[in-house]
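A short write-up of the structure that comes next.
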Amino acid sequence: MDELTIGVFMPSWLGDACMATPTLRALRESYPQARLIGVMSPLIRELLADGSSSEKPWFDEVVLFYKRRRKGRSTDPSTSVSRWQLPSILREFSPDVALLMTNSWWSAAVARMAGIPSIVGYDRDGRKLLLSEPVPVPRDGRRLLPVSAIDYYLELARWIGCRVDSKTMRLIITQADREMANDLWSRLEFSDACRTVVINSAAAKDASRVWPMPQVRECALRLANEDGLQVLIHCGPGEREVANQLAAQAKHPKIGSMGVMPELPVGLSRGVLAKADAVISSDSGARHMAVALDRKVVSLFGPTDPAWTKTYNRPETTLFEPLACRPCYRGNCPLLHQNCMKELSVERVVNAIRLQLGEPGHSLQRVERAA
């Protein structure tokens, strides 16, 4: 397979793409001479930058696409096409294998229309007939088994003969990332001599995963006042207003918002998370980025089950409340109370981050709750 061309269809969410990096490493290390064509959105390309497990980048070529139709047709990383233009582009690369780390029907259809002879993906979402290699989904009877996405993707790599030497995620920090983070520190008058905790309370798509603003503010104030830590509120473009509001309400020189930056690219998040001494995050892309950057992470779970996103880097602290209604996996709380996040107390989160930082004088109590 070393001389083959493999088209790798990447997940569309930041966190899933982070969890796919061990599979990319396995492909590179098992088949160093294979030509890898990455099929992904511009956001995922931005996330992965030029990272790899060795001197060679993850991909030899990338094909970028938007799910919605756009004008143009190019494999240049600076442009992208609609997903239904992908078959004609992929035919030019003549992939021998399509590895689908997506569960969607459309990705299998695109690979089939591109004439790729071997299409490897999970047998789900009604696409079995489109796959030449339908991989069985882990199940307990009819119920899906809660398998970490890292292991889920790695099984596809094993299916095509890859060896798996590591399950750790990895992201690369560029010099531009560091410069943007340093610029932010300067704007906030943060000191490199003071330890910093980054708090990410947002979630890309599910309001039910968000830790409430009053608790975020109280947590930030306690860490700043009691522990002398700098606290940075992380945000993307959609959370800028909330992050700025939290920092303004705190009125503390050691609490700042990432939203003061004029632009909020993924590279800034990489730089900020890499610069942090520890990270508190909801179950979101920022959490996986922090883990992939080998930060000390305390993750807050509400409607989701940590088993689906178990990580293998530095030991991660996962906090959740053992409520009868969770996990429900709903984007909005069906019971209209969101207690799974509201009942995650500031005290527990502060104690957990102190343990991660190795603060003296705090008991080494177990902070995770059993399901």
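Residue numbering restarts at 1 for every chain of the structure tokens, chains are lettered A, B, ... in their displayed order, and ligands are numbered from 1 as they appear.
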
Region 15-167 of chain A: residues DSSP assigns to strand (DSSP E), reported as a ChimeraX atom specification | /A:35-40,61-66,81-82,97-100,118-122,133-135,139-140,143-144

Keeping N, CA and C atoms for every residue in the selection just given, could you write it to a file as a PDB file, in the first residue's frame?
```
ATOM      1  N   ARG A  35       0.568   8.242  -0.903  1.00  0.00           N
ATOM      2  CA  ARG A  35       0.147   9.623  -1.155  1.00  0.00           C
ATOM      3  C   ARG A  35      -1.194   9.839  -0.466  1.00  0.00           C
ATOM      4  N   LEU A  36      -1.224  10.746   0.500  1.00  0.00           N
ATOM      5  CA  LEU A  36      -2.435  10.988   1.274  1.00  0.00           C
ATOM      6  C   LEU A  36      -3.101  12.270   0.802  1.00  0.00           C
ATOM      7  N   ILE A  37      -4.370  12.151   0.412  1.00  0.00           N
ATOM      8  CA  ILE A  37      -5.165  13.283  -0.044  1.00  0.00           C
ATOM      9  C   ILE A  37      -6.208  13.570   1.032  1.00  0.00           C
ATOM     10  N   GLY A  38      -6.117  14.711   1.682  1.00  0.00           N
ATOM     11  CA  GLY A  38      -7.083  15.073   2.713  1.00  0.00           C
ATOM     12  C   GLY A  38      -8.280  15.788   2.113  1.00  0.00           C
ATOM     13  N   VAL A  39      -9.466  15.331   2.464  1.00  0.00           N
ATOM     14  CA  VAL A  39     -10.712  15.952   2.016  1.00  0.00           C
ATOM     15  C   VAL A  39     -11.379  16.546   3.250  1.00  0.00           C
ATOM     16  N   MET A  40     -11.506  17.874   3.283  1.00  0.00           N
ATOM     17  CA  MET A  40     -11.925  18.514   4.530  1.00  0.00           C
ATOM     18  C   MET A  40     -12.444  19.916   4.276  1.00  0.00           C
ATOM     19  N   GLU A  61      -1.623  16.366  -0.315  1.00  0.00           N
ATOM     20  CA  GLU A  61      -2.506  17.306  -0.998  1.00  0.00           C
ATOM     21  C   GLU A  61      -3.769  17.449  -0.163  1.00  0.00           C
ATOM     22  N   VAL A  62      -4.437  18.594  -0.295  1.00  0.00           N
ATOM     23  CA  VAL A  62      -5.727  18.754   0.361  1.00  0.00           C
ATOM     24  C   VAL A  62      -6.755  19.235  -0.653  1.00  0.00           C
ATOM     25  N   VAL A  63      -7.972  18.776  -0.481  1.00  0.00           N
ATOM     26  CA  VAL A  63      -9.107  19.238  -1.268  1.00  0.00           C
ATOM     27  C   VAL A  63     -10.097  19.828  -0.278  1.00  0.00           C
ATOM     28  N   LEU A  64     -10.377  21.102  -0.425  1.00  0.00           N
ATOM     29  CA  LEU A  64     -11.250  21.803   0.506  1.00  0.00           C
ATOM     30  C   LEU A  64     -12.642  21.957  -0.090  1.00  0.00           C
ATOM     31  N   PHE A  65     -13.636  21.871   0.777  1.00  0.00           N
ATOM     32  CA  PHE A  65     -15.008  21.997   0.289  1.00  0.00           C
ATOM     33  C   PHE A  65     -15.879  22.667   1.336  1.00  0.00           C
ATOM     34  N   TYR A  66     -16.931  23.264   0.875  1.00  0.00           N
ATOM     35  CA  TYR A  66     -18.029  23.733   1.710  1.00  0.00           C
ATOM     36  C   TYR A  66     -19.228  22.848   1.433  1.00  0.00           C
ATOM     37  N   VAL A  81     -14.614  24.175  -2.868  1.00  0.00           N
ATOM     38  CA  VAL A  81     -15.720  23.913  -3.774  1.00  0.00           C
ATOM     39  C   VAL A  81     -16.881  23.344  -2.981  1.00  0.00           C
ATOM     40  N   SER A  82     -17.979  23.090  -3.655  1.00  0.00           N
ATOM     41  CA  SER A  82     -19.090  22.417  -2.988  1.00  0.00           C
ATOM     42  C   SER A  82     -18.788  20.918  -2.916  1.00  0.00           C
ATOM     43  N   VAL A  97      -7.859   4.128  -2.464  1.00  0.00           N
ATOM     44  CA  VAL A  97      -8.638   3.862  -1.258  1.00  0.00           C
ATOM     45  C   VAL A  97      -9.254   5.164  -0.769  1.00  0.00           C
ATOM     46  N   ALA A  98     -10.499   5.087  -0.329  1.00  0.00           N
ATOM     47  CA  ALA A  98     -11.124   6.206   0.388  1.00  0.00           C
ATOM     48  C   ALA A  98     -11.348   5.751   1.818  1.00  0.00           C
ATOM     49  N   LEU A  99     -10.796   6.480   2.763  1.00  0.00           N
ATOM     50  CA  LEU A  99     -10.982   6.183   4.181  1.00  0.00           C
ATOM     51  C   LEU A  99     -11.947   7.229   4.735  1.00  0.00           C
ATOM     52  N   LEU A 100     -13.148   6.796   5.100  1.00  0.00           N
ATOM     53  CA  LEU A 100     -14.192   7.722   5.520  1.00  0.00           C
ATOM     54  C   LEU A 100     -14.243   7.834   7.037  1.00  0.00           C
ATOM     55  N   SER A 118     -11.775   1.150  -3.641  1.00  0.00           N
ATOM     56  CA  SER A 118     -11.928   0.628  -2.283  1.00  0.00           C
ATOM     57  C   SER A 118     -12.405   1.753  -1.368  1.00  0.00           C
ATOM     58  N   ILE A 119     -13.613   1.607  -0.833  1.00  0.00           N
ATOM     59  CA  ILE A 119     -14.201   2.633   0.033  1.00  0.00           C
ATOM     60  C   ILE A 119     -14.427   2.011   1.407  1.00  0.00           C
ATOM     61  N   VAL A 120     -13.661   2.502   2.397  1.00  0.00           N
ATOM     62  CA  VAL A 120     -13.673   1.937   3.746  1.00  0.00           C
ATOM     63  C   VAL A 120     -14.364   2.908   4.691  1.00  0.00           C
ATOM     64  N   GLY A 121     -15.412   2.431   5.357  1.00  0.00           N
ATOM     65  CA  GLY A 121     -16.130   3.272   6.306  1.00  0.00           C
ATOM     66  C   GLY A 121     -17.071   2.432   7.135  1.00  0.00           C
ATOM     67  N   TYR A 122     -17.647   3.055   8.162  1.00  0.00           N
ATOM     68  CA  TYR A 122     -18.550   2.309   9.035  1.00  0.00           C
ATOM     69  C   TYR A 122     -19.897   2.071   8.354  1.00  0.00           C
ATOM     70  N   GLU A 133     -15.870  -1.736   1.628  1.00  0.00           N
ATOM     71  CA  GLU A 133     -15.401  -2.325   2.891  1.00  0.00           C
ATOM     72  C   GLU A 133     -16.245  -1.767   4.029  1.00  0.00           C
ATOM     73  N   PRO A 134     -17.455  -2.317   4.244  1.00  0.00           N
ATOM     74  CA  PRO A 134     -18.294  -1.822   5.351  1.00  0.00           C
ATOM     75  C   PRO A 134     -17.794  -2.353   6.692  1.00  0.00           C
ATOM     76  N   VAL A 135     -17.317  -1.461   7.532  1.00  0.00           N
ATOM     77  CA  VAL A 135     -16.762  -1.849   8.829  1.00  0.00           C
ATOM     78  C   VAL A 135     -17.900  -1.912   9.845  1.00  0.00           C
ATOM     79  N   ARG A 139     -21.325  -2.531  18.689  1.00  0.00           N
ATOM     80  CA  ARG A 139     -22.677  -2.559  19.255  1.00  0.00           C
ATOM     81  C   ARG A 139     -22.778  -3.586  20.365  1.00  0.00           C
ATOM     82  N   ASP A 140     -23.734  -3.368  21.242  1.00  0.00           N
ATOM     83  CA  ASP A 140     -24.161  -4.335  22.232  1.00  0.00           C
ATOM     84  C   ASP A 140     -25.607  -4.649  21.887  1.00  0.00           C
ATOM     85  N   ARG A 143     -27.840  -1.658  20.501  1.00  0.00           N
ATOM     86  CA  ARG A 143     -27.358  -0.408  21.092  1.00  0.00           C
ATOM     87  C   ARG A 143     -25.910  -0.151  20.702  1.00  0.00           C
ATOM     88  N   LEU A 144     -25.609   1.093  20.310  1.00  0.00           N
ATOM     89  CA  LEU A 144     -24.231   1.470  20.010  1.00  0.00           C
ATOM     90  C   LEU A 144     -23.401   1.457  21.288  1.00  0.00           C
TER      91      LEU A 144
END
```

Looking only at the backbone, which of the residues in region 185-307 of chain A does DSSP tag as alpha helix (DSSP H), as number ranges by chain?
-> A: 185-188, 213-227, 240-250, 266-275, 285-292

What are the nearest atom pairs, with distances in Å to one decimal, for all residues of region 255-327 of chain A that come at most 10 Å from region 236-241 of chain A, using only C-alpha atoms, set out by chain and rising residue number as CSV?
```
residue,atom,partner,partner_atom,distance
A:Ser257,CA,A:Arg240,CA,8.2
A:Met258,CA,A:Arg240,CA,7.6
A:Gly259,CA,A:Arg240,CA,4.8
A:Val260,CA,A:Arg240,CA,8.2
A:Met261,CA,A:Arg240,CA,9.4
A:Pro262,CA,A:Pro237,CA,9.8
A:Glu263,CA,A:Pro237,CA,8.0
A:Leu264,CA,A:Gly236,CA,6.0
A:Pro265,CA,A:Gly236,CA,7.8
A:Val266,CA,A:Gly236,CA,8.3
A:Leu268,CA,A:Gly236,CA,9.7
A:Ser269,CA,A:Gly236,CA,8.3
A:Ala286,CA,A:Gly236,CA,9.5
```

Write to file, as a short mmCIF file (atom, residue, chain, number, x, y, z; two decimals), in the first residue's frame, the residues of the selection just made, with N, CA and C atoms.
```
data_model
loop_
_atom_site.label_atom_id
_atom_site.label_comp_id
_atom_site.auth_asym_id
_atom_site.auth_seq_id
_atom_site.Cartn_x
_atom_site.Cartn_y
_atom_site.Cartn_z
N SER A 257 -10.63 38.76 28.51
CA SER A 257 -11.36 38.06 27.45
C SER A 257 -10.53 37.99 26.18
N MET A 258 -10.58 36.85 25.52
CA MET A 258 -9.94 36.69 24.23
C MET A 258 -10.63 37.55 23.18
N GLY A 259 -11.87 37.97 23.50
CA GLY A 259 -12.65 38.75 22.56
C GLY A 259 -12.14 40.14 22.30
N VAL A 260 -11.09 40.58 22.99
CA VAL A 260 -10.53 41.90 22.71
C VAL A 260 -9.72 41.91 21.42
N MET A 261 -9.41 40.73 20.91
CA MET A 261 -8.65 40.64 19.66
C MET A 261 -9.58 40.94 18.48
N PRO A 262 -9.08 41.66 17.47
CA PRO A 262 -9.93 42.00 16.33
C PRO A 262 -10.35 40.78 15.51
N GLU A 263 -9.50 39.77 15.44
CA GLU A 263 -9.82 38.53 14.73
C GLU A 263 -9.64 37.35 15.69
N LEU A 264 -10.44 36.31 15.47
CA LEU A 264 -10.39 35.13 16.36
C LEU A 264 -10.21 33.85 15.54
N PRO A 265 -9.08 33.72 14.86
CA PRO A 265 -8.84 32.51 14.08
C PRO A 265 -8.51 31.31 14.96
N VAL A 266 -8.56 30.13 14.36
CA VAL A 266 -8.23 28.90 15.09
C VAL A 266 -6.79 28.96 15.60
N LEU A 268 -5.19 31.43 16.80
CA LEU A 268 -5.14 32.15 18.08
C LEU A 268 -5.54 31.22 19.21
N SER A 269 -6.58 30.42 19.00
CA SER A 269 -6.98 29.46 20.03
C SER A 269 -5.85 28.48 20.32
N ALA A 286 -12.61 23.26 21.85
CA ALA A 286 -11.50 23.83 22.62
C ALA A 286 -10.95 22.81 23.61
#
```

Distance criterion (only C-alpha atoms): nearest to Trp211 (chain A) out of A:Trp185, A:Trp308, A:Trp105, A:Phe320 = A:Phe320

Counting only C-alpha atoms, what is within 12 Å of region 321-326 of chain A, bar same-chain residues fewer than 4 positions away, as a compact mmCIF listing (two decimals) with N, CA and C atoms, in the first residue's frame?
```txt
# COMPACT_ATOMS: atom_id res chain seq x y z
N SER A 208 -27.02 23.33 25.63
CA SER A 208 -27.11 22.52 26.84
C SER A 208 -25.74 22.17 27.42
N ARG A 209 -24.66 22.37 26.66
CA ARG A 209 -23.32 22.04 27.15
C ARG A 209 -22.64 23.22 27.84
N LEU A 300 -15.92 19.71 31.66
CA LEU A 300 -17.25 19.77 32.27
C LEU A 300 -18.27 19.14 31.34
N PHE A 301 -18.89 18.07 31.81
CA PHE A 301 -19.86 17.34 30.99
C PHE A 301 -21.27 17.51 31.53
N GLY A 302 -22.20 17.79 30.63
CA GLY A 302 -23.60 17.89 30.98
C GLY A 302 -24.40 16.80 30.29
N PRO A 303 -24.93 17.08 29.09
CA PRO A 303 -25.80 16.12 28.41
C PRO A 303 -25.06 15.03 27.66
N THR A 304 -23.73 15.05 27.65
CA THR A 304 -22.97 14.05 26.92
C THR A 304 -22.23 13.11 27.87
N ASP A 305 -21.82 11.96 27.33
CA ASP A 305 -21.14 10.92 28.10
C ASP A 305 -19.64 10.97 27.79
N PRO A 306 -18.78 11.14 28.80
CA PRO A 306 -17.33 11.20 28.54
C PRO A 306 -16.78 9.97 27.83
N ARG A 330 -29.07 16.01 24.02
CA ARG A 330 -29.92 16.99 23.37
C ARG A 330 -29.24 18.36 23.35
N CYS A 333 -31.97 21.52 26.70
CA CYS A 333 -32.48 20.65 27.76
C CYS A 333 -33.97 20.37 27.55
N PRO A 334 -34.37 19.11 27.37
CA PRO A 334 -35.79 18.81 27.16
C PRO A 334 -36.64 19.05 28.41
N LEU A 335 -36.00 19.11 29.58
CA LEU A 335 -36.73 19.36 30.84
C LEU A 335 -36.68 20.83 31.23
N LEU A 336 -35.99 21.63 30.41
CA LEU A 336 -35.94 23.09 30.56
C LEU A 336 -35.28 23.57 31.85
N HIS A 337 -34.41 22.74 32.45
CA HIS A 337 -33.72 23.21 33.66
C HIS A 337 -32.20 23.23 33.52
N GLN A 338 -31.65 22.41 32.65
CA GLN A 338 -30.21 22.32 32.41
C GLN A 338 -29.43 22.08 33.71
N ASN A 339 -30.00 21.26 34.58
CA ASN A 339 -29.35 21.00 35.88
C ASN A 339 -28.03 20.26 35.73
N CYS A 340 -27.86 19.53 34.63
CA CYS A 340 -26.61 18.78 34.46
C CYS A 340 -25.41 19.71 34.41
N MET A 341 -25.61 20.95 33.94
CA MET A 341 -24.53 21.93 33.95
C MET A 341 -24.64 22.89 35.13
N LYS A 342 -25.85 23.28 35.48
CA LYS A 342 -26.03 24.23 36.59
C LYS A 342 -25.55 23.66 37.92
N GLU A 343 -25.69 22.35 38.11
CA GLU A 343 -25.30 21.74 39.39
C GLU A 343 -23.82 21.38 39.47
N LEU A 344 -23.07 21.66 38.41
CA LEU A 344 -21.61 21.54 38.50
C LEU A 344 -21.11 22.75 39.29
N SER A 345 -20.79 22.53 40.54
CA SER A 345 -20.50 23.65 41.43
C SER A 345 -19.13 24.27 41.16
N ARG A 348 -16.31 22.51 43.15
CA ARG A 348 -15.73 21.30 42.55
C ARG A 348 -14.75 21.64 41.44
N VAL A 367 -12.15 13.83 42.30
CA VAL A 367 -13.13 14.84 41.91
C VAL A 367 -14.10 14.36 40.84
N GLU A 368 -13.76 13.25 40.15
CA GLU A 368 -14.68 12.74 39.16
C GLU A 368 -15.88 12.08 39.84
N ARG A 369 -17.01 12.15 39.21
CA ARG A 369 -18.19 11.43 39.69
C ARG A 369 -18.41 10.20 38.84
N ALA A 370 -18.70 9.09 39.48
CA ALA A 370 -18.97 7.88 38.72
C ALA A 370 -20.35 7.98 38.07
N ALA A 371 -20.46 7.33 36.92
CA ALA A 371 -21.76 7.37 36.21
C ALA A 371 -22.79 6.59 37.00
```

Which residue gives the smallest distance to Gln215 (chain A) among A:Val346, A:Ala307, A:Leu184, A:Val197, with only C-alpha atoms counted?
-> A:Val346

Might you pull out every residue within 12 Å of Asn103 (chain A), with only C-alpha atoms counted and same-chain residues fewer than 3 positions away left off, and present them as a compact mmCIF listing (two decimals) with C-alpha atoms, in the first residue's frame?
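File around_15.txt, as written:
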```
# COMPACT_ATOMS: atom_id res chain seq x y z
CA PHE A 9 -12.35 12.20 4.42
CA MET A 10 -11.89 14.19 7.62
CA PRO A 11 -14.56 14.87 10.29
CA SER A 12 -16.19 18.30 10.13
CA ASP A 16 -13.55 15.17 16.10
CA LEU A 99 -10.98 6.18 4.18
CA LEU A 100 -14.19 7.72 5.52
CA TRP A 106 -22.99 11.89 1.21
CA SER A 107 -19.29 11.19 1.81
CA ALA A 108 -19.74 7.56 0.71
CA ALA A 109 -21.73 8.74 -2.31
CA VAL A 120 -13.67 1.94 3.75
CA GLY A 121 -16.13 3.27 6.31
CA TYR A 122 -18.55 2.31 9.04
CA ASP A 123 -21.71 0.48 8.06
CA ARG A 124 -24.26 3.03 9.22
CA ASP A 125 -26.63 5.74 8.01
CA GLY A 126 -27.95 3.55 5.21
CA ARG A 127 -24.75 3.61 3.18
CA LYS A 128 -23.69 -0.05 3.25
CA LEU A 131 -19.05 0.90 0.71
CA PRO A 134 -18.29 -1.82 5.35
CA VAL A 135 -16.76 -1.85 8.83
CA VAL A 137 -20.14 -0.49 14.12
CA ALA A 149 -13.88 8.55 18.80
CA TYR A 152 -13.44 4.51 16.52
CA TYR A 153 -11.25 6.18 13.89
CA LEU A 156 -10.61 2.15 10.30
```

Tyr312 (chain A): which residues within 8 Å, counting only C-alpha atoms, same-chain residues fewer than 2 positions away excluded, as a PyMOL selection string?
-> chain A and resi 167-169+310+314-315

Interatomic distance (Å, one decimal) between CA of Asp227 (chain A) and CA of Ser299 (chain A) |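 Going from CA of Asp227 (chain A) over to CA of Ser299 (chain A) covers 19.9 Å.
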
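Closest to Leu154 (chain A) among A:Leu4, A:Leu355, A:Ala181, A:Met19 is A:Met19, based on only C-alpha atoms.
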